[in-house]
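> Contents of protein02.cif (mmCIF, C-alpha atoms):
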data_structure
#
loop_
_atom_site.label_atom_id
_atom_site.label_comp_id
_atom_site.auth_asym_id
_atom_site.auth_seq_id
_atom_site.Cartn_x
_atom_site.Cartn_y
_atom_site.Cartn_z
CA MET P 182 70.51 96.61 106.02
CA LYS P 183 72.80 93.59 106.18
CA PRO P 184 76.51 94.22 105.66
CA ILE P 185 77.99 93.27 102.28
CA LYS P 186 79.88 89.98 102.56
CA ILE P 187 83.28 90.41 100.97
CA ALA P 188 86.26 88.12 100.44
CA LEU P 189 89.87 89.06 99.77
CA CYS P 190 92.33 87.33 97.47
CA ASP P 191 95.90 88.60 97.23
CA ASP P 192 99.32 86.97 97.46
CA GLN P 193 100.64 89.78 99.67
CA GLU P 194 99.74 89.20 103.31
CA LEU P 195 100.43 92.81 104.23
CA PHE P 196 97.89 94.03 101.65
CA ILE P 197 95.24 91.63 102.98
CA GLU P 198 95.94 92.78 106.54
CA SER P 199 95.66 96.44 105.49
CA LEU P 200 92.29 95.87 103.79
CA SER P 201 91.01 93.82 106.73
CA ALA P 202 91.95 96.61 109.14
CA LEU P 203 90.26 99.16 106.88
CA PHE P 204 87.02 97.20 106.70
CA SER P 205 86.98 96.45 110.43
CA SER P 206 86.83 100.22 111.02
CA ILE P 207 83.63 100.49 108.97
CA GLU P 208 80.97 99.02 111.20
CA GLY P 209 77.87 97.58 109.61
CA GLN P 210 78.78 98.22 105.96
CA VAL P 211 80.95 95.25 105.06
CA GLU P 212 81.94 91.92 106.57
CA VAL P 213 85.14 90.11 105.56
CA ILE P 214 84.18 86.42 105.52
CA TRP P 215 87.53 84.99 104.41
CA SER P 216 90.81 85.68 102.64
CA ALA P 217 92.93 83.62 100.23
CA ARG P 218 96.50 83.83 98.96
CA ASN P 219 96.18 82.28 95.49
CA GLY P 220 93.73 81.40 92.73
CA GLU P 221 93.30 77.74 93.61
CA GLU P 222 92.45 78.54 97.23
CA THR P 223 90.00 81.19 96.06
CA LEU P 224 88.10 78.73 93.85
CA GLU P 225 87.71 76.35 96.80
CA LYS P 226 86.60 79.01 99.27
CA VAL P 227 84.08 80.62 96.91
CA ALA P 228 82.46 77.20 96.44
CA GLU P 229 82.24 76.76 100.21
CA ASN P 230 81.23 80.29 101.22
CA ARG P 231 80.12 82.63 98.42
CA PRO P 232 80.77 86.35 99.03
CA ASP P 233 78.68 89.21 97.68
CA VAL P 234 81.86 90.82 96.36
CA LEU P 235 85.28 89.27 95.80
CA LEU P 236 88.24 91.65 95.82
CA LEU P 237 90.68 89.82 93.56
CA ASP P 238 94.31 90.68 92.80
CA TYR P 239 95.05 90.52 89.07
CA PHE P 240 98.70 89.50 89.37
CA PHE P 241 99.80 86.57 91.50
CA LYS P 242 103.39 85.45 91.92
CA GLY P 243 104.30 81.84 91.19
CA ASN P 244 103.18 79.32 88.61
CA GLY P 245 99.56 78.85 89.65
CA LEU P 246 96.44 80.56 88.36
CA ASP P 247 96.69 84.32 87.93
CA GLY P 248 93.86 86.64 88.91
CA GLY P 249 92.49 86.92 85.38
CA GLU P 250 92.22 83.17 84.91
CA THR P 251 90.79 82.75 88.42
CA CYS P 252 88.12 85.31 87.58
CA ARG P 253 87.25 83.55 84.33
CA LEU P 254 86.91 80.14 86.01
CA LEU P 255 84.79 81.54 88.84
CA LEU P 256 82.37 83.31 86.52
CA GLU P 257 82.00 80.30 84.24
CA LYS P 258 80.42 78.55 87.22
CA ASP P 259 78.72 81.57 88.78
CA PRO P 260 78.09 84.44 86.32
CA ASP P 261 76.38 86.55 88.99
CA LEU P 262 79.38 86.61 91.35
CA GLY P 263 80.55 90.18 91.87
CA VAL P 264 84.28 90.44 91.21
CA LEU P 265 86.14 93.70 91.78
CA MET P 266 89.66 93.34 90.39
CA LEU P 267 92.50 95.21 92.11
CA SER P 268 95.88 95.71 90.49
CA VAL P 269 99.13 97.66 90.57
CA SER P 270 98.60 98.22 86.84
CA CYS P 271 95.92 100.27 85.15
CA GLU P 272 97.15 99.59 81.61
CA ILE P 273 94.27 99.45 79.14
CA ALA P 274 95.20 95.92 78.00
CA VAL P 275 94.93 94.61 81.55
CA ILE P 276 91.67 96.42 82.25
CA ARG P 277 90.16 95.09 79.03
CA GLN P 278 91.26 91.52 79.77
CA ALA P 279 89.82 91.68 83.30
CA LEU P 280 86.44 92.87 81.99
CA GLN P 281 86.48 90.27 79.22
CA ASN P 282 87.06 87.62 81.88
CA GLY P 283 83.86 88.78 83.56
CA ALA P 284 85.03 91.11 86.33
CA ARG P 285 82.36 93.63 87.22
CA GLY P 286 84.86 96.21 88.43
CA TYR P 287 88.51 97.21 88.16
CA ALA P 288 90.56 99.51 90.37
CA SER P 289 94.12 100.49 91.16
CA LYS P 290 95.56 99.29 94.46
CA ASP P 291 96.21 102.96 95.20
CA ILE P 292 92.45 103.55 95.44
CA GLY P 293 91.24 105.60 98.40
CA LYS P 294 88.88 104.36 101.11
CA ALA P 295 85.80 106.27 99.96
CA GLU P 296 86.21 105.30 96.31
CA LEU P 297 86.83 101.65 97.24
CA MET P 298 83.63 101.57 99.27
CA GLN P 299 81.78 103.10 96.31
CA GLY P 300 83.17 100.33 94.11
CA ILE P 301 82.12 97.59 96.52
CA HIS P 302 78.56 98.93 96.78
CA THR P 303 78.36 99.37 92.99
CA VAL P 304 79.53 95.81 92.26
CA ALA P 305 77.32 94.39 95.02
CA ARG P 306 74.19 95.78 93.36
CA GLY P 307 75.15 94.29 90.00
CA ALA P 308 76.54 97.37 88.26
CA HIS P 309 79.99 97.96 86.75
CA PHE P 310 82.71 100.09 88.31
CA LEU P 311 86.03 101.64 87.30
CA ASP P 312 87.99 103.79 89.71
CA GLN P 313 89.17 107.24 88.62
CA THR P 314 92.65 106.04 87.63
CA SER P 315 91.28 103.25 85.44
CA MET P 316 88.61 105.50 83.96
CA LEU P 317 91.20 108.08 82.92
CA GLU P 318 93.23 105.32 81.25
CA VAL P 319 90.16 104.13 79.31
CA ILE P 320 89.21 107.66 78.27
CA GLY P 321 92.79 108.37 77.15
CA PHE P 322 92.86 105.18 75.09
CA LEU P 323 89.53 105.97 73.43
CA CYS P 324 90.59 109.52 72.62
CA SER P 325 93.94 108.47 71.14
CA SER P 326 92.27 105.69 69.15
CA LEU P 327 89.72 108.07 67.68
CA GLN P 328 92.30 110.75 66.88
CA GLY P 329 94.63 108.26 65.23
CA SER P 330 91.99 106.64 63.04
CA GLY P 331 90.06 109.58 61.61
CA GLY P 332 87.21 109.21 64.11
CA LYS P 333 86.90 105.44 63.74
CA LEU P 334 87.69 103.55 66.90
CA ASN P 335 90.79 101.36 66.67
CA THR P 336 90.18 98.31 68.86
CA GLY P 337 93.63 96.78 68.37
CA LYS P 338 96.06 96.10 71.16
CA ALA P 339 97.23 99.05 73.25
CA PRO P 340 100.68 100.42 72.35
CA ILE P 341 103.80 99.55 74.32
CA THR P 342 104.51 102.27 76.89
CA PRO P 343 107.94 103.89 77.34
CA ARG P 344 108.53 101.99 80.58
CA GLU P 345 107.55 98.70 78.91
CA MET P 346 110.07 99.52 76.17
CA GLU P 347 112.73 99.70 78.89
CA VAL P 348 111.68 96.39 80.41
CA SER P 349 111.21 94.49 77.12
CA PRO P 350 114.84 94.13 75.94
CA LEU P 351 116.03 93.19 79.43
CA TYR P 352 113.31 90.56 79.65
CA VAL P 353 114.17 89.20 76.19
CA LYS P 354 117.87 89.01 77.11
CA GLY P 355 117.04 86.69 80.00
CA LYS P 356 117.31 89.07 82.94
CA SER P 357 115.39 87.96 86.04
CA VAL P 358 112.61 90.02 87.57
CA LYS P 359 114.91 90.93 90.46
CA GLU P 360 117.69 92.03 88.10
CA ILE P 361 115.32 94.18 86.01
CA ALA P 362 113.91 95.79 89.16
CA GLU P 363 117.41 96.68 90.38
CA MET P 364 118.49 98.02 86.99
CA LEU P 365 115.41 100.24 86.57
CA PHE P 366 114.99 101.16 90.25
CA ILE P 367 111.42 99.84 90.43
CA SER P 368 109.77 97.12 92.52
CA GLU P 369 109.67 93.46 91.49
CA ASP P 370 105.84 93.61 91.51
CA THR P 371 105.97 96.48 89.03
CA VAL P 372 108.34 94.53 86.78
CA GLU P 373 106.03 91.51 86.83
CA SER P 374 103.12 93.79 85.95
CA HIS P 375 105.03 95.25 82.99
CA ILE P 376 106.01 91.77 81.73
CA LYS P 377 102.39 90.66 81.95
CA ASN P 378 101.32 93.73 79.97
CA ILE P 379 104.05 93.24 77.36
CA ARG P 380 103.06 89.64 76.73
CA SER P 381 99.38 90.57 76.60
CA LYS P 382 99.94 93.39 74.12
CA THR P 383 102.32 91.42 71.88
CA GLY P 384 100.47 88.12 72.10
CA ALA P 385 103.79 86.50 73.00
CA ALA P 386 104.06 83.30 75.02
CA SER P 387 107.81 83.51 75.67
CA ARG P 388 110.81 85.85 75.87
CA TYR P 389 111.81 84.77 72.36
CA GLU P 390 108.40 85.71 70.92
CA VAL P 391 108.54 89.11 72.61
CA GLY P 392 111.93 89.67 70.94
CA GLU P 393 110.61 88.62 67.53
CA TRP P 394 107.63 90.98 67.93
CA LEU P 395 109.92 93.89 68.80
CA LYS P 396 112.13 93.20 65.78
CA LYS P 397 109.11 92.93 63.48
CA LYS P 398 107.88 96.32 64.68
CA ASP P 399 111.39 97.85 64.42
CA LEU P 400 111.37 98.46 68.17
CA TRP P 401 114.34 96.28 69.10
CA VAL P 402 117.15 98.13 70.88
CA ASP P 403 120.32 96.03 71.26
#
Is it possible to express this structure as structure tokens?

Amino acid sequence: MKPIKIALCDDQELFIESLSALFSSIEGQVEVIWSARNGEETLEKVAENRPDVLLLDYFFKGNGLDGGETCRLLLEKDPDLGVLMLSVSCEIAVIRQALQNGARGYASKDIGKAELMQGIHTVARGAHFLDQTSMLEVIGFLCSSLQGSGGKLNTGKAPITPREMEVSPLYVKGKSVKEIAEMLFISEDTVESHIKNIRSKTGAASRYEVGEWLKKKDLWVD
């Protein structure tokens, strides 16, 4: 059996190196054919050398394409491309957006070796995959939706989490990602993930709109 051709796209070089080292230790199962550091580079490389499975980071730093938009553009041109999205966040809103953009799989970056290989094989054969962390998030959302709506599924946006409620007012007040990370003792990547989730859940396009949404829902804390 030929090895599965995989490609890696992540803006963190250390993460790419870690995955490459992991896959190099698994002889005959997978072959890393290239890696990319941003969405634009990924679009170019997929067109030149199509992988069986693309491991794609959901959140990129900078002003270019994010992972979700990169996924959507790729699958508009090639609906059969197997995309397994990896992310620091397993919030239901992010998972849902990734699947709506056409990703065949979604997993936390904390995924273990065996489960990651299961995901790659699953996506490569055309099936869908969620790792255990993501699956538990989906199940929890479905259960809370059913319980809160008398058995009828509520498909509205996922609620703001307690941590997102800590990030939101700081973000609205103009604090930088670095400042928020230092104030809450979390990483800058985690802050960026929370901001992405907040904007997705509120439908806001700016700090101001996030603030207006919080005030409308009586969630603003000055």
> Taking the file above as input, evaluate the PyMOL selection byres ((chain P and resi 287) around 10) and report the hits as number ranges by chain.
P: 236-239, 264-268, 271, 275-277, 279-280, 284-286, 288-290, 300, 304, 309-312, 314-316
> Could the residues of region 272-385 of chain P that have an atom at most 9 Å from region 202-225 of chain P be listed as JSON lines, each with its closest atom pair and the distance in Å to one decimal, counting only C-alpha atoms and ordered by chain and ascending residue number?

{"residue": "P:Lys294", "atom": "CA", "partner": "P:Leu203", "partner_atom": "CA", "distance": 7.9}
{"residue": "P:Met298", "atom": "CA", "partner": "P:Gln210", "partner_atom": "CA", "distance": 8.9}
{"residue": "P:Ile301", "atom": "CA", "partner": "P:Val211", "partner_atom": "CA", "distance": 8.9}
> Keeping only C-alpha atoms, write the selected residues to a file as a CSV table (one decimal), keeping the file's coordinate frame.

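Here's the written file selection-v3.csv:
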chain,number,residue,atom,x,y,z
P,294,LYS,CA,88.9,104.4,101.1
P,298,MET,CA,83.6,101.6,99.3
P,301,ILE,CA,82.1,97.6,96.5
> Let me have the centre and edge lengths of the axis-aligned box enclosing all listed atoms of region 250-260 of chain P with 3 Å padding on every side, in Å to one decimal, as lines of an AutoDock Vina configuration file.

center_x = 85.2
center_y = 81.9
center_z = 86.5
size_x = 20.1
size_y = 12.8
size_z = 10.6
> CA of Met182 (chain P) and CA of Gln299 (chain P), how far apart in Å?
16.2 Å
> Expanded to explicit residues, what is the PyMOL selection byres ((chain P and resi 380-391) around 12) for this file, as a PyMOL selection string?
chain P and resi 249+272-279+337-342+345-346+348-357+373-379+392-398+400-401
> Would you write out those residues with C-alpha atoms, as a compact mmCIF listing (two decimals), keeping the file's coordinate frame?

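Produced file again_18.txt, reproduced below:
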# COMPACT_ATOMS: atom_id res chain seq x y z
CA GLY P 249 92.49 86.92 85.38
CA GLU P 272 97.15 99.59 81.61
CA ILE P 273 94.27 99.45 79.14
CA ALA P 274 95.20 95.92 78.00
CA VAL P 275 94.93 94.61 81.55
CA ILE P 276 91.67 96.42 82.25
CA ARG P 277 90.16 95.09 79.03
CA GLN P 278 91.26 91.52 79.77
CA ALA P 279 89.82 91.68 83.30
CA GLY P 337 93.63 96.78 68.37
CA LYS P 338 96.06 96.10 71.16
CA ALA P 339 97.23 99.05 73.25
CA PRO P 340 100.68 100.42 72.35
CA ILE P 341 103.80 99.55 74.32
CA THR P 342 104.51 102.27 76.89
CA GLU P 345 107.55 98.70 78.91
CA MET P 346 110.07 99.52 76.17
CA VAL P 348 111.68 96.39 80.41
CA SER P 349 111.21 94.49 77.12
CA PRO P 350 114.84 94.13 75.94
CA LEU P 351 116.03 93.19 79.43
CA TYR P 352 113.31 90.56 79.65
CA VAL P 353 114.17 89.20 76.19
CA LYS P 354 117.87 89.01 77.11
CA GLY P 355 117.04 86.69 80.00
CA LYS P 356 117.31 89.07 82.94
CA SER P 357 115.39 87.96 86.04
CA GLU P 373 106.03 91.51 86.83
CA SER P 374 103.12 93.79 85.95
CA HIS P 375 105.03 95.25 82.99
CA ILE P 376 106.01 91.77 81.73
CA LYS P 377 102.39 90.66 81.95
CA ASN P 378 101.32 93.73 79.97
CA ILE P 379 104.05 93.24 77.36
CA GLY P 392 111.93 89.67 70.94
CA GLU P 393 110.61 88.62 67.53
CA TRP P 394 107.63 90.98 67.93
CA LEU P 395 109.92 93.89 68.80
CA LYS P 396 112.13 93.20 65.78
CA LYS P 397 109.11 92.93 63.48
CA LYS P 398 107.88 96.32 64.68
CA LEU P 400 111.37 98.46 68.17
CA TRP P 401 114.34 96.28 69.10
